[in-house]
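These notes are about the structure you will find just below.
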Amino acid sequence: MRHVLIDDASSDQALMAAFVDRDERAAGLLYDRFASRVYGLGIVMLGNDHAAQDLVQDTFVKLWRTAARFDPERGRLETWILLTARSLAIDLLRRRVLESRSLQELGPPPVHDPSPGPDDLAATADLAGRARRAMAKLSNEQRSALELAYFGGRTTAEVAALEGIPQGTAKTRIHAALLKLRAEMAREVGDDV
Amino acid sequence: MTCEEVRELLPEQLLGSLDETTDARVRQHIRGCAECRAERLRLEDGVAALSYATHEAVPPAELRDHVLGVLDEEWSTSEETVAPAGPKVARMPASRWIAAVAAALLVVSVAWGAVQTRHAQQTSADARSYQALLATLGGREFRLGELHPMGGVGVTGTVLLYDGVGRWNSWGIVLARSDADLTDARVMLVGPNGISKELPPLRFSDGEASSWLVTHEALTGYDELVIVARGGTVLANARISEA
């Protein structure tokens with residue numbers, strides 16, 4: 001069984017090449033794969049549906065404008081898109097000077113259509129459930145450091161200052177948190193780590 | 001850098017919080033180290049898991065058509081003018097912009113005595129045609145980069161490099177815009193092996209500035225441009241690739 005977290009690098013490169021060539025189907029495929037997480041990121045970081053929808057639009061426009069520069073040697077397409085969206089959200093937050101939000105205060109992201117979806121949506125929901133179980137395996141310290149770095153755009157020095165820990169400890173917690181998430185996800189599907 | 005040093009920096013490199021110089025050094029190490037590349041991929045798996053766990057949400061159904069419609073509009077207008085986020089600036093298509101700048105800088109090259117007058121006059125006349133210009137210059141490709149703001153300051157712009165062949169000089173030009181209260185900033189070309197070359201500083205006036213150089217030195221080893229404030233803060237960077 002294919003590991004759900006591994007993207008097909010060659011097909012992603014072909015997909016982006018088609019997107020550069022203004023292929024509507026490629027644009028649709030990109031949207032279907034990534035819009036839900038970009039939208040969810042907007043809900044979590046920006047706090048409302050309108051801003052989250054704007055984030056989706058801004059992210060895909062930026063993807064188009066920078067698509068020719070996607071280099072699989074630098075990392076996966078999935079990571080590039082998620083971090084592009086995150087960067088846009090962080091820029092907006094800094095402009096707004098909003099208070100940082102705790103994930104515990106927000107709770108799970110809202111879903112607009114509670115009715116059962118197609119098979120691919122069910123598969124994604126299953127993946128999200130497994131990912132949340134993996135997230136629950138993190139220590140509070142690991143989760144807090146990772147949230148500050150990922151959602152807050154903080155450097156490890158800033159995380160260390162905010163948490164009152166040495167910078168090396170901050171680095172270790174973030175690194176360990178990401179690897180633990182990966183390991184827990186792999187364990188759930190029965191793959192070797 | 002050692003593998004141990006790089007692996008300690010990988011999460012920050014992945015999340016984009018390293019300074020430009022350190023980021024370039026980490027990427028340079030990764031290009032030549034399979035084990036560190038594998039570690040980075042494992043961390044990317046972690047980011048993917050984090051995204052599914054914390055921000056997976058179904059957007060409104062109508063958003064799909066809206067976003068695809070915006071992209072369609074972007075595609076149909078990208079050959080004319082494009083309004084980027086931030087300062088509103090109309091852009092010429094890359095080929096016409098390159099030809100216009102190349103024609104202007106060829107005059108500079110003549111003043112430096114780097115080319116024969118006859119070739120310069122011929123090339124100026126051909127400058128409207130990008131392909132004709134390349135053929136005249138011996139087929140060397142122009143390289144172009146777009147400045148992306150960092151740190152919230154909002155410096156944007158474009159960098160153009162050309163690597164001369166034989167008697168032709170190499171040259172570079174940086175055109176920058178900023179809506180922040182900047183007076184000047186340092187400009188540096190950076191290469192993957194840690195080499196760097198500083199251009200004349202940007203001196204902003206009414207939010208615009210430029211910097212350029214003409215040199216006998218080859219610029220092929222540089223693939224990034226970094227704009228740095230006097231205090232050392234990175235204001236913008238551009239990855240330079242063939243136009």
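Starting from 1 in every chain, residues are counted up; chains themselves are A, B, ... following the order of the structure tokens, and ligands are numbered from 1 as listed.
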What residues in chain A lie within 6 Å of chain B, counting only C-alpha atoms, written as a compact mmCIF listing (two decimals) with all heavy atoms, in the first residue's frame?
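And here is the file that came out, out.txt:
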```txt
# COMPACT_ATOMS: atom_id res chain seq x y z
N SER A 36 -8.18 22.70 0.65
CA SER A 36 -8.78 22.47 1.96
C SER A 36 -7.80 22.80 3.09
O SER A 36 -8.18 23.37 4.12
CB SER A 36 -9.27 21.02 2.08
OG SER A 36 -8.20 20.13 1.91
N ARG A 37 -6.54 22.45 2.89
CA ARG A 37 -5.58 22.75 3.94
C ARG A 37 -5.19 24.22 3.95
O ARG A 37 -4.90 24.79 5.00
CB ARG A 37 -4.36 21.84 3.81
CG ARG A 37 -4.62 20.44 4.38
CD ARG A 37 -3.43 19.56 4.30
NE ARG A 37 -3.17 19.08 2.95
CZ ARG A 37 -2.06 18.48 2.56
NH1 ARG A 37 -1.07 18.32 3.42
NH2 ARG A 37 -1.92 18.06 1.33
N GLY A 40 -8.15 25.82 5.59
CA GLY A 40 -8.10 25.53 7.03
C GLY A 40 -7.02 26.33 7.73
O GLY A 40 -7.20 26.80 8.86
N LEU A 41 -5.90 26.51 7.05
CA LEU A 41 -4.82 27.31 7.63
C LEU A 41 -5.28 28.75 7.82
O LEU A 41 -4.98 29.39 8.83
CB LEU A 41 -3.60 27.27 6.71
CG LEU A 41 -2.33 27.96 7.23
CD1 LEU A 41 -1.78 27.22 8.44
CD2 LEU A 41 -1.28 28.03 6.14
N GLN A 57 -7.36 32.25 -2.41
CA GLN A 57 -7.19 32.95 -3.69
C GLN A 57 -5.77 33.48 -3.82
O GLN A 57 -5.11 33.25 -4.85
CB GLN A 57 -8.19 34.10 -3.79
CG GLN A 57 -7.99 34.94 -5.06
CD GLN A 57 -8.97 36.09 -5.16
OE1 GLN A 57 -10.10 36.00 -4.69
NE2 GLN A 57 -8.54 37.18 -5.79
N PRO A 109 -11.03 22.81 13.17
CA PRO A 109 -11.50 23.75 12.16
C PRO A 109 -12.94 23.46 11.77
O PRO A 109 -13.36 22.30 11.75
CB PRO A 109 -10.57 23.53 10.97
CG PRO A 109 -9.42 22.76 11.50
CD PRO A 109 -9.91 22.01 12.69
N VAL A 111 -16.26 22.88 9.45
CA VAL A 111 -16.52 22.24 8.14
C VAL A 111 -17.85 22.75 7.65
O VAL A 111 -18.84 22.73 8.37
CB VAL A 111 -16.57 20.71 8.28
CG1 VAL A 111 -16.93 20.09 6.94
CG2 VAL A 111 -15.23 20.19 8.78
N ALA A 128 -6.86 13.00 8.22
CA ALA A 128 -6.86 14.06 9.22
C ALA A 128 -7.04 13.47 10.62
O ALA A 128 -6.41 13.90 11.58
CB ALA A 128 -7.96 15.07 8.92
N ALA A 131 -3.86 11.97 11.66
CA ALA A 131 -2.88 13.02 11.96
C ALA A 131 -3.18 13.65 13.32
O ALA A 131 -2.25 13.98 14.08
CB ALA A 131 -2.91 14.08 10.87
N ARG A 132 -4.45 13.82 13.64
CA ARG A 132 -4.80 14.40 14.95
C ARG A 132 -4.41 13.45 16.07
O ARG A 132 -3.96 13.89 17.14
CB ARG A 132 -6.30 14.72 15.01
CG ARG A 132 -6.69 15.89 14.13
CD ARG A 132 -8.08 16.41 14.41
NE ARG A 132 -8.45 17.39 13.39
CZ ARG A 132 -9.26 17.16 12.38
NH1 ARG A 132 -9.84 15.98 12.25
NH2 ARG A 132 -9.52 18.10 11.49
N THR A 155 11.27 32.23 14.81
CA THR A 155 12.56 31.55 14.74
C THR A 155 12.75 30.75 16.02
O THR A 155 12.03 30.96 17.01
CB THR A 155 13.70 32.56 14.61
OG1 THR A 155 13.74 33.36 15.80
CG2 THR A 155 13.50 33.48 13.41
N HIS A 175 12.24 19.82 16.07
CA HIS A 175 12.73 18.71 15.26
C HIS A 175 12.07 17.40 15.68
O HIS A 175 11.55 16.63 14.86
CB HIS A 175 14.26 18.62 15.42
CG HIS A 175 14.94 17.83 14.34
ND1 HIS A 175 16.14 18.21 13.79
CD2 HIS A 175 14.60 16.68 13.74
CE1 HIS A 175 16.50 17.33 12.88
NE2 HIS A 175 15.59 16.39 12.82
N LEU A 178 8.27 17.13 14.71
CA LEU A 178 8.01 16.80 13.30
C LEU A 178 8.31 15.33 13.02
O LEU A 178 7.54 14.65 12.33
CB LEU A 178 8.86 17.69 12.39
CG LEU A 178 8.44 19.16 12.32
CD1 LEU A 178 9.45 19.98 11.53
CD2 LEU A 178 7.06 19.30 11.68
N LEU A 179 9.41 14.83 13.56
CA LEU A 179 9.76 13.43 13.33
C LEU A 179 8.76 12.50 14.02
O LEU A 179 8.41 11.44 13.50
CB LEU A 179 11.18 13.13 13.82
CG LEU A 179 12.31 13.78 13.00
CD1 LEU A 179 13.67 13.39 13.57
CD2 LEU A 179 12.23 13.39 11.53
N LEU A 181 5.57 13.13 14.59
CA LEU A 181 4.35 13.13 13.79
C LEU A 181 4.49 12.17 12.62
O LEU A 181 3.58 11.39 12.32
CB LEU A 181 4.05 14.54 13.27
CG LEU A 181 3.50 15.54 14.27
CD1 LEU A 181 3.37 16.91 13.63
CD2 LEU A 181 2.15 15.09 14.81
N ARG A 182 5.61 12.25 11.96
CA ARG A 182 5.86 11.35 10.83
C ARG A 182 5.84 9.90 11.27
O ARG A 182 5.21 9.05 10.65
CB ARG A 182 7.19 11.67 10.18
CG ARG A 182 7.50 10.75 8.99
CD ARG A 182 8.92 10.90 8.51
NE ARG A 182 9.13 10.09 7.33
CZ ARG A 182 9.49 8.80 7.36
NH1 ARG A 182 9.66 8.20 8.52
NH2 ARG A 182 9.67 8.13 6.24
```
Give me, as an mmCIF file with C-alpha atoms, in the first residue's frame, all polymer residues having an atom no more than 8 Å from A:Met16, counting only C-alpha atoms and skipping those fewer than 4 positions away in the same chain.
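Saved result, out_21.cif, follows:
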```
data_model
loop_
_atom_site.group_PDB
_atom_site.id
_atom_site.type_symbol
_atom_site.label_atom_id
_atom_site.label_comp_id
_atom_site.auth_asym_id
_atom_site.auth_seq_id
_atom_site.Cartn_x
_atom_site.Cartn_y
_atom_site.Cartn_z
ATOM 1 C CA ASP A 12 4.055 16.783 -9.179
ATOM 2 C CA VAL A 20 2.787 26.892 -15.905
ATOM 3 C CA ALA A 26 -3.844 21.131 -13.663
ATOM 4 C CA ALA A 67 5.207 28.217 -10.541
ATOM 5 C CA ALA A 68 8.111 28.302 -12.970
ATOM 6 C CA PHE A 70 9.205 25.326 -8.312
#
```
Between atom CA of A:Leu63 and atom CA of A:Ala27, what is the spacing in Å?
10.0 Å
Would you mind listing what lies within 9 Å of B:Leu182 as a list of chain:residue names, with only C-alpha atoms counted and same-chain residues fewer than 5 positions away left out?
B:Arg203, B:Phe204, B:Ser205, B:Gly207, B:Ala229
Atom CA of B:Thr156 to atom CA of B:Thr21 measures 19.3 Å
